[in-house]
file query_21.tsv (TSV, C-alpha atoms)
chain	number	residue	atom	x	y	z
A	1	MET	CA	165.83	190.52	111.50
A	2	VAL	CA	169.34	190.87	112.86
A	3	GLY	CA	169.59	188.95	116.08
A	4	ASP	CA	166.48	186.98	115.22
A	5	GLU	CA	168.42	183.76	115.36
A	6	LYS	CA	166.94	180.38	115.06
A	7	PRO	CA	168.72	177.08	115.02
A	8	SER	CA	169.48	176.25	111.48
A	9	THR	CA	171.41	173.57	109.70
A	10	MET	CA	172.15	175.96	106.88
A	11	ALA	CA	174.33	179.01	106.75
A	12	ALA	CA	172.60	182.33	106.39
A	13	PRO	CA	171.21	182.55	102.87
A	14	ARG	CA	173.50	184.47	100.62
A	15	GLN	CA	172.18	187.49	98.91
A	16	PRO	CA	172.39	187.63	95.12
A	17	ALA	CA	174.26	190.90	95.59
A	18	ASP	CA	177.00	189.08	97.52
A	19	ASP	CA	177.35	186.55	94.73
A	20	ASN	CA	177.49	189.26	92.12
A	21	ALA	CA	180.20	191.17	93.93
A	22	PHE	CA	182.14	187.97	94.46
A	23	LYS	CA	181.77	186.98	90.84
A	24	ARG	CA	182.90	190.37	89.58
A	25	GLU	CA	186.04	190.18	91.65
A	26	LEU	CA	186.67	186.57	90.68
A	27	VAL	CA	186.37	187.35	86.96
A	28	GLN	CA	189.00	190.05	87.35
A	29	LEU	CA	191.35	187.53	88.89
A	30	ILE	CA	191.08	184.98	86.08
A	31	PRO	CA	194.05	186.38	84.10
A	32	HIS	CA	196.22	186.20	87.22
A	33	LEU	CA	195.10	182.67	88.03
A	34	ARG	CA	195.95	181.64	84.48
A	35	ALA	CA	199.41	183.19	84.75
A	36	PHE	CA	200.12	181.52	88.07
A	37	ALA	CA	198.83	178.17	86.81
A	38	ARG	CA	201.09	178.50	83.76
A	39	THR	CA	204.13	178.87	86.00
A	40	LEU	CA	203.12	175.76	87.97
A	41	CYS	CA	202.26	173.32	85.23
A	42	GLY	CA	203.82	174.87	82.18
A	43	ASP	CA	201.65	173.24	79.56
A	44	PRO	CA	199.10	175.96	78.65
A	45	ALA	CA	196.14	173.57	78.27
A	46	ALA	CA	196.83	171.82	81.57
A	47	ALA	CA	197.34	175.23	83.18
A	48	ASP	CA	193.94	176.43	81.99
A	49	ASP	CA	192.31	173.26	83.33
A	50	LEU	CA	193.95	173.95	86.67
A	51	ALA	CA	192.89	177.60	86.64
A	52	GLN	CA	189.30	176.59	85.81
A	53	ASP	CA	189.23	174.04	88.62
A	54	ALA	CA	190.56	176.64	91.04
A	55	MET	CA	188.03	179.19	89.84
A	56	MET	CA	185.18	176.71	90.44
A	57	LYS	CA	186.51	175.72	93.84
A	58	ALA	CA	186.64	179.40	94.78
A	59	TRP	CA	183.09	179.88	93.52
A	60	ASP	CA	181.82	176.87	95.47
A	61	ALA	CA	183.57	178.12	98.61
A	62	ARG	CA	182.38	181.71	98.19
A	63	ALA	CA	180.31	181.56	101.39
A	64	SER	CA	183.50	181.09	103.38
A	65	PHE	CA	185.23	184.07	101.79
A	66	GLN	CA	185.03	187.33	103.62
A	67	MET	CA	184.49	190.13	101.14
A	68	GLY	CA	187.02	192.89	101.52
A	69	THR	CA	189.87	190.55	102.39
A	70	ASN	CA	192.53	189.59	99.88
A	71	MET	CA	190.74	187.50	97.28
A	72	LYS	CA	193.79	187.25	95.06
A	73	ALA	CA	195.86	185.56	97.75
A	74	TRP	CA	192.88	183.36	98.65
A	75	THR	CA	192.33	182.14	95.09
A	76	PHE	CA	196.08	181.61	94.55
A	77	MET	CA	196.12	179.43	97.64
A	78	ILE	CA	193.19	177.40	96.31
A	79	LEU	CA	194.92	177.00	92.96
A	80	ARG	CA	198.18	175.95	94.55
A	81	ASN	CA	196.48	173.41	96.83
A	82	GLN	CA	194.60	172.04	93.86
A	83	PHE	CA	197.83	171.68	91.90
A	84	TYR	CA	199.65	169.82	94.66
A	85	SER	CA	196.73	167.55	95.53
A	86	GLU	CA	196.47	166.54	91.90
A	87	LYS	CA	200.19	165.96	91.89
A	88	ARG	CA	199.98	163.71	94.90
A	89	ARG	CA	197.23	161.70	93.27
A	90	SER	CA	199.43	160.69	90.44
A	91	TRP	CA	203.17	160.70	90.61
A	92	ARG	CA	203.46	159.69	87.02
A	93	GLN	CA	201.29	162.58	85.95
A	94	SER	CA	203.42	164.94	87.99
A	95	GLN	CA	206.51	163.79	86.18
A	96	LEU	CA	204.80	164.49	82.91
A	97	ASP	CA	203.82	167.90	84.27
A	98	GLN	CA	207.40	168.60	85.14
A	99	GLU	CA	208.55	167.69	81.67
A	100	ALA	CA	205.81	169.80	80.15
A	101	ALA	CA	206.77	172.67	82.42
A	102	GLU	CA	210.34	172.51	81.30
A	103	ARG	CA	209.32	172.34	77.67
A	104	THR	CA	206.90	175.22	77.94
A	105	LEU	CA	209.10	177.40	80.09
A	106	VAL	CA	211.61	177.09	77.32
A	107	ALA	CA	209.20	177.55	74.45
A	108	VAL	CA	208.65	180.96	72.96
A	109	ASP	CA	205.38	181.54	71.17
A	110	ASP	CA	206.32	184.96	69.94
A	111	PRO	CA	209.29	184.92	67.55
A	112	GLU	CA	209.76	188.62	68.26
A	113	ALA	CA	210.03	188.06	72.01
A	114	PRO	CA	213.30	189.31	73.41
A	115	VAL	CA	215.91	186.61	73.77
A	116	ALA	CA	216.35	187.50	77.42
A	117	LEU	CA	212.84	186.33	78.24
A	118	ASP	CA	213.49	182.95	76.73
A	119	GLU	CA	216.62	182.64	78.81
A	120	LEU	CA	214.87	183.68	81.97
A	121	ARG	CA	212.24	181.00	81.40
A	122	GLN	CA	214.92	178.44	80.96
A	123	GLY	CA	216.72	179.63	84.08
A	124	LEU	CA	213.48	179.44	86.07
A	125	ALA	CA	212.86	175.90	84.90
A	126	MET	CA	216.15	174.90	86.50
A	127	LEU	CA	215.20	176.15	89.96
A	128	PRO	CA	213.73	173.85	92.62
A	129	PRO	CA	209.91	174.19	92.41
A	130	GLU	CA	209.50	175.77	95.85
A	131	GLN	CA	212.08	178.44	95.05
A	132	ARG	CA	210.56	179.12	91.64
A	133	GLU	CA	207.12	179.44	93.18
A	134	ALA	CA	208.28	181.85	95.92
A	135	LEU	CA	210.16	184.02	93.44
A	136	ILE	CA	207.20	184.16	91.07
A	137	LEU	CA	204.69	185.08	93.78
A	138	VAL	CA	206.88	187.83	95.20
A	139	GLY	CA	208.77	188.93	92.11
A	140	ALA	CA	206.02	188.75	89.52
A	141	GLY	CA	202.70	188.23	91.29
A	142	GLY	CA	203.13	191.33	93.41
A	143	PHE	CA	202.58	189.58	96.74
A	144	ALA	CA	204.17	190.65	99.99
A	145	TYR	CA	206.31	188.03	101.73
A	146	GLU	CA	203.54	187.58	104.32
A	147	GLU	CA	200.94	186.90	101.62
A	148	ALA	CA	203.23	184.50	99.77
A	149	ALA	CA	203.82	182.66	103.04
A	150	GLU	CA	200.09	182.30	103.53
A	151	ILE	CA	199.63	181.04	99.97
A	152	CYS	CA	202.42	178.48	100.31
A	153	GLY	CA	201.49	177.50	103.86
A	154	CYS	CA	204.95	178.19	105.26
A	155	ALA	CA	206.73	180.69	107.48
A	156	VAL	CA	207.54	184.20	106.25
A	157	GLY	CA	211.23	183.56	106.87
A	158	THR	CA	211.05	180.48	104.68
A	159	VAL	CA	209.61	182.50	101.81
A	160	LYS	CA	212.28	185.16	102.24
A	161	SER	CA	215.08	182.64	102.12
A	162	ARG	CA	213.55	180.81	99.14
A	163	VAL	CA	213.26	184.06	97.22
A	164	SER	CA	216.80	185.10	97.95
A	165	ARG	CA	218.18	181.67	97.11
A	166	ALA	CA	216.17	181.69	93.88
A	167	ARG	CA	217.56	185.11	92.94
A	168	ARG	CA	221.12	184.05	93.63
A	169	ALA	CA	220.69	180.82	91.69
A	170	LEU	CA	219.16	182.66	88.74
A	171	HIS	CA	222.14	185.00	88.66
A	172	VAL	CA	224.53	182.14	88.52
A	173	ILE	CA	222.52	180.32	85.87
A	174	LEU	CA	222.14	183.40	83.68
A	175	ASP	CA	225.66	184.63	84.29
A	176	GLU	CA	227.42	181.43	83.53
A	177	GLY	CA	225.11	180.34	80.80
A	178	ALA	CA	224.65	177.13	82.75
A	179	TYR	CA	221.42	176.56	80.91
A	180	ASP	CA	221.49	174.63	77.70
A	181	ARG	CA	221.29	176.87	74.70
A	182	ASP	CA	223.00	176.11	71.47
A	183	GLY	CA	225.75	178.46	70.62
A	184	ALA	CA	225.20	180.85	73.50
A	185	SER	CA	228.35	181.71	75.33
A	186	ALA	CA	228.70	182.23	79.05
A	187	GLY	CA	227.28	185.48	80.29
A	188	ASP	CA	225.23	186.19	77.18
A	189	ALA	CA	221.93	185.78	78.98
A	190	MET	CA	222.82	188.18	81.75
A	191	ARG	CA	224.22	190.67	79.26
A	192	SER	CA	221.07	190.67	77.18
A	193	ILE	CA	218.89	190.98	80.28
A	194	LEU	CA	220.97	193.92	81.47
A	195	ALA	CA	220.84	195.56	78.08
A	196	ASP	CA	217.05	195.25	78.04
A	197	ALA	CA	216.80	196.59	81.57
A	198	GLU	CA	218.92	199.59	80.72
A	199	ARG	CA	216.74	200.33	77.74
A	200	LEU	CA	213.62	200.01	79.88
A	201	SER	CA	215.01	202.24	82.60
A	202	THR	CA	215.88	205.02	80.17
A	203	VAL	CA	212.33	204.97	78.85
A	204	ARG	CA	210.96	205.68	82.31
B	205	MET	CA	234.96	203.05	109.28
B	206	ILE	CA	233.84	203.56	105.75
B	207	GLU	CA	235.42	207.00	105.74
B	208	GLN	CA	238.82	205.49	106.41
B	209	ARG	CA	238.70	203.24	103.41
B	210	PRO	CA	240.83	204.29	100.47
B	211	SER	CA	238.57	206.05	98.03
B	212	GLU	CA	239.48	203.73	95.17
B	213	GLU	CA	238.37	200.68	97.12
B	214	ARG	CA	235.20	202.40	98.17
B	215	ARG	CA	234.45	203.36	94.60
B	216	ARG	CA	234.95	199.81	93.43
B	217	SER	CA	232.78	198.25	96.12
B	218	SER	CA	229.98	200.70	95.54
B	219	ALA	CA	230.18	200.03	91.80
B	220	ALA	CA	229.89	196.31	92.51
B	221	MET	CA	226.88	196.97	94.72
B	222	ASP	CA	225.29	199.08	92.03
B	223	GLU	CA	225.82	196.34	89.51
B	224	ALA	CA	224.33	193.71	91.80
B	225	ARG	CA	221.32	195.94	92.36
B	226	LEU	CA	220.95	196.57	88.65
B	227	ARG	CA	221.05	192.85	87.97
B	228	GLN	CA	218.36	192.18	90.55
B	229	GLN	CA	216.20	194.88	89.03
B	230	ALA	CA	216.79	193.51	85.56
B	231	ILE	CA	215.67	190.04	86.58
B	232	GLY	CA	212.69	191.53	88.39
B	233	VAL	CA	211.60	193.43	85.31
B	234	ARG	CA	211.88	190.31	83.15
B	235	LEU	CA	210.03	188.19	85.67
B	236	ARG	CA	207.08	190.55	85.77
B	237	GLN	CA	207.10	190.78	82.00
B	238	MET	CA	206.94	187.00	81.68
B	239	PHE	CA	204.02	186.78	84.10
B	240	ASP	CA	202.22	189.76	82.57
B	241	GLU	CA	202.43	188.19	79.14
B	242	VAL	CA	199.91	185.60	80.31
B	243	VAL	CA	197.92	188.08	82.40
B	244	ASN	CA	197.43	190.20	79.28
B	245	GLU	CA	196.25	187.32	77.13
B	246	GLN	CA	192.57	187.29	76.33
B	247	VAL	CA	190.75	185.06	78.79
B	248	PRO	CA	189.28	182.07	76.94
B	249	GLU	CA	185.49	182.32	76.73
B	250	GLU	CA	185.32	178.90	78.40
B	251	PHE	CA	186.16	180.41	81.80
B	252	LEU	CA	183.26	182.84	81.73
B	253	GLU	CA	180.94	180.18	80.34
B	254	ILE	CA	181.73	177.80	83.21
B	255	LEU	CA	181.14	180.55	85.74
B	256	ARG	CA	177.86	181.55	84.09
B	257	ARG	CA	176.62	177.97	84.21
B	258	ALA	CA	177.60	177.63	87.88
B	259	ASP	CA	175.91	180.90	88.70
B	260	SER	CA	172.61	179.97	87.06
B	261	ARG	CA	172.75	176.56	88.73
B	262	SER	CA	173.14	178.15	92.15
B	263	SER	CA	170.33	180.62	91.59
B	264	GLU	CA	168.02	177.76	90.54
B	265	ASN	CA	168.87	175.87	93.70
B	266	GLY	CA	168.75	178.87	95.96
call {"tool": "encode", "arguments": {"input": "query_21.tsv", "output": "structure tokens"}}
result
Amino acid sequence: MVGDEKPSTMAAPRQPADDNAFKRELVQLIPHLRAFARTLCGDPAAADDLAQDAMMKAWDARASFQMGTNMKAWTFMILRNQFYSEKRRSWRQSQLDQEAAERTLVAVDDPEAPVALDELRQGLAMLPPEQREALILVGAGGFAYEEAAEICGCAVGTVKSRVSRARRALHVILDEGAYDRDGASAGDAMRSILADAERLSTVR
Amino acid sequence: MIEQRPSEERRRSSAAMDEARLRQQAIGVRLRQMFDEVVNEQVPEEFLEILRRADSRSSENG
């Protein structure tokens, strides 16, 4: 039947096997979509709503996805676009999101969590959103600069400079204790992060 | 040029570089840990339920 083309208003019918393969891969990406959504909107419930919307958008657009290409970057781009289009729709809502993000980035669910993590969250919350996003994609999401640029719809050089500015700013924030933490003295955050890192590196 | 630098100065600058690198690594480790905390959470059943419903809808239509 290949080459047996007839004019059609519909795309070639998708095979159930295509959908199954797509779905399998999409299901594996859900945890990553949730994590990325959490860094964008902070509030866990709002983040899960966003991740679900993105998942459904990806599912609905599955015919336009080419299997074998980077589905993670593709779904992250969908999620990010969804987030910013919702933000544009309601400025007020976006302000609430920002406040929720700051609250949640600061909140620690696990009382046993290392202090350093709490401080890093707080430091991240102080970064401009585009720097935070770039740093998270590259530094935590495991994306190459090129992929992060595609996700954010900007030039590779822009991502590189955002990441390096974010790193420098985080240093300053953590070093100087510029974040607001009762009783913590300057440099405590960086010291505890370094101590943790040293412990981790000796384990390896 | 580096060879002509007094060894003390060289030692200090390389120690500073090492420290900067260590700090970057430390932040990197923490960043991944923060992200992975959510990645490792159990996915709420709701996600899979929504996908199942969408899938059965599309197979009815198709």
call {"tool": "atom_distance", "arguments": {"input": "query_21.tsv", "atom1": "CA of Ser260 (chain B)", "atom2": "CA of Asp48 (chain A)"}}
result
22.2 Å
call {"tool": "atom_distance", "arguments": {"input": "query_21.tsv", "atom1": "CA of Ile30 (chain A)", "atom2": "CA of Val243 (chain B)"}}
result
8.4 Å
call {"tool": "closest_atom_pairs", "arguments": {"input": "query_21.tsv", "of": "chain B", "to": "chain A", "cutoff": "10 Å", "atoms": "all atoms listed in the file", "output": "tab-separated table"}}
result
residue	atom	partner	partner_atom	distance
B:Glu223	CA	A:Leu194	CA	9.7
B:Ala224	CA	A:His171	CA	9.5
B:Leu226	CA	A:Leu194	CA	7.7
B:Arg227	CA	A:Leu194	CA	6.6
B:Gln228	CA	A:Arg167	CA	7.5
B:Gln229	CA	A:Ala197	CA	7.7
B:Ala230	CA	A:Ala197	CA	5.0
B:Ile231	CA	A:Ile193	CA	7.1
B:Gly232	CA	A:Gly139	CA	6.0
B:Val233	CA	A:Ala197	CA	7.1
B:Arg234	CA	A:Leu117	CA	6.4
B:Leu235	CA	A:Ala140	CA	5.6
B:Arg236	CA	A:Ala140	CA	4.3
B:Gln237	CA	A:Ala140	CA	7.9
B:Met238	CA	A:Leu117	CA	6.9
B:Phe239	CA	A:Ala35	CA	5.9
B:Asp240	CA	A:Ala35	CA	7.5
B:Glu241	CA	A:Ala35	CA	8.1
B:Val242	CA	A:Ala35	CA	5.1
B:Val243	CA	A:Pro31	CA	4.6
B:Asn244	CA	A:Pro31	CA	7.0
B:Glu245	CA	A:Pro31	CA	7.4
B:Gln246	CA	A:Pro31	CA	8.0
B:Val247	CA	A:Pro31	CA	6.4
B:Pro248	CA	A:Asp48	CA	8.9
B:Glu250	CA	A:Gln52	CA	8.7
B:Phe251	CA	A:Gln52	CA	6.4
B:Leu252	CA	A:Val27	CA	7.6
B:Ile254	CA	A:Met56	CA	8.1
B:Leu255	CA	A:Met56	CA	7.3
B:Arg256	CA	A:Lys23	CA	9.5
B:Ala258	CA	A:Met56	CA	8.1
B:Asp259	CA	A:Asp19	CA	8.4
B:Ser262	CA	A:Asp60	CA	9.4
B:Ser263	CA	A:Pro16	CA	8.1
B:Gly266	CA	A:Pro13	CA	8.2
call {"tool": "atom_distance", "arguments": {"input": "query_21.tsv", "atom1": "CA of Phe83 (chain A)", "atom2": "CA of Glu133 (chain A)"}}
result
12.2 Å
call {"tool": "closest_residue", "arguments": {"input": "query_21.tsv", "among": "A:Pro129, A:Val172, A:Ala54, A:Phe143", "to": "Leu40 (chain A)", "atoms": "only C-alpha atoms"}}
result
A:Pro129
call {"tool": "residues_near_point", "arguments": {"input": "query_21.tsv", "point": "(196.1, 182.6, 96.2)", "cutoff": "9 Å", "atoms": "only C-alpha atoms", "output": "mmCIF file with C-alpha atoms, in the coordinates of the input"}}
result
data_model
loop_
_atom_site.group_PDB
_atom_site.id
_atom_site.type_symbol
_atom_site.label_atom_id
_atom_site.label_comp_id
_atom_site.auth_asym_id
_atom_site.auth_seq_id
_atom_site.Cartn_x
_atom_site.Cartn_y
_atom_site.Cartn_z
ATOM 1 C CA LEU A 33 195.100 182.670 88.030
ATOM 2 C CA ASN A 70 192.530 189.590 99.880
ATOM 3 C CA MET A 71 190.740 187.500 97.280
ATOM 4 C CA LYS A 72 193.790 187.250 95.060
ATOM 5 C CA ALA A 73 195.860 185.560 97.750
ATOM 6 C CA TRP A 74 192.880 183.360 98.650
ATOM 7 C CA THR A 75 192.330 182.140 95.090
ATOM 8 C CA PHE A 76 196.080 181.610 94.550
ATOM 9 C CA MET A 77 196.120 179.430 97.640
ATOM 10 C CA ILE A 78 193.190 177.400 96.310
ATOM 11 C CA LEU A 79 194.920 177.000 92.960
ATOM 12 C CA ARG A 80 198.180 175.950 94.550
ATOM 13 C CA GLU A 147 200.940 186.900 101.620
ATOM 14 C CA ALA A 148 203.230 184.500 99.770
ATOM 15 C CA GLU A 150 200.090 182.300 103.530
ATOM 16 C CA ILE A 151 199.630 181.040 99.970
ATOM 17 C CA CYS A 152 202.420 178.480 100.310
#
call {"tool": "closest_residue", "arguments": {"input": "query_21.tsv", "among": "A:Leu127, A:Ala155, A:Ala46, A:Ala144", "to": "Ile173 (chain A)", "atoms": "all atoms listed in the file"}}
result
A:Leu127
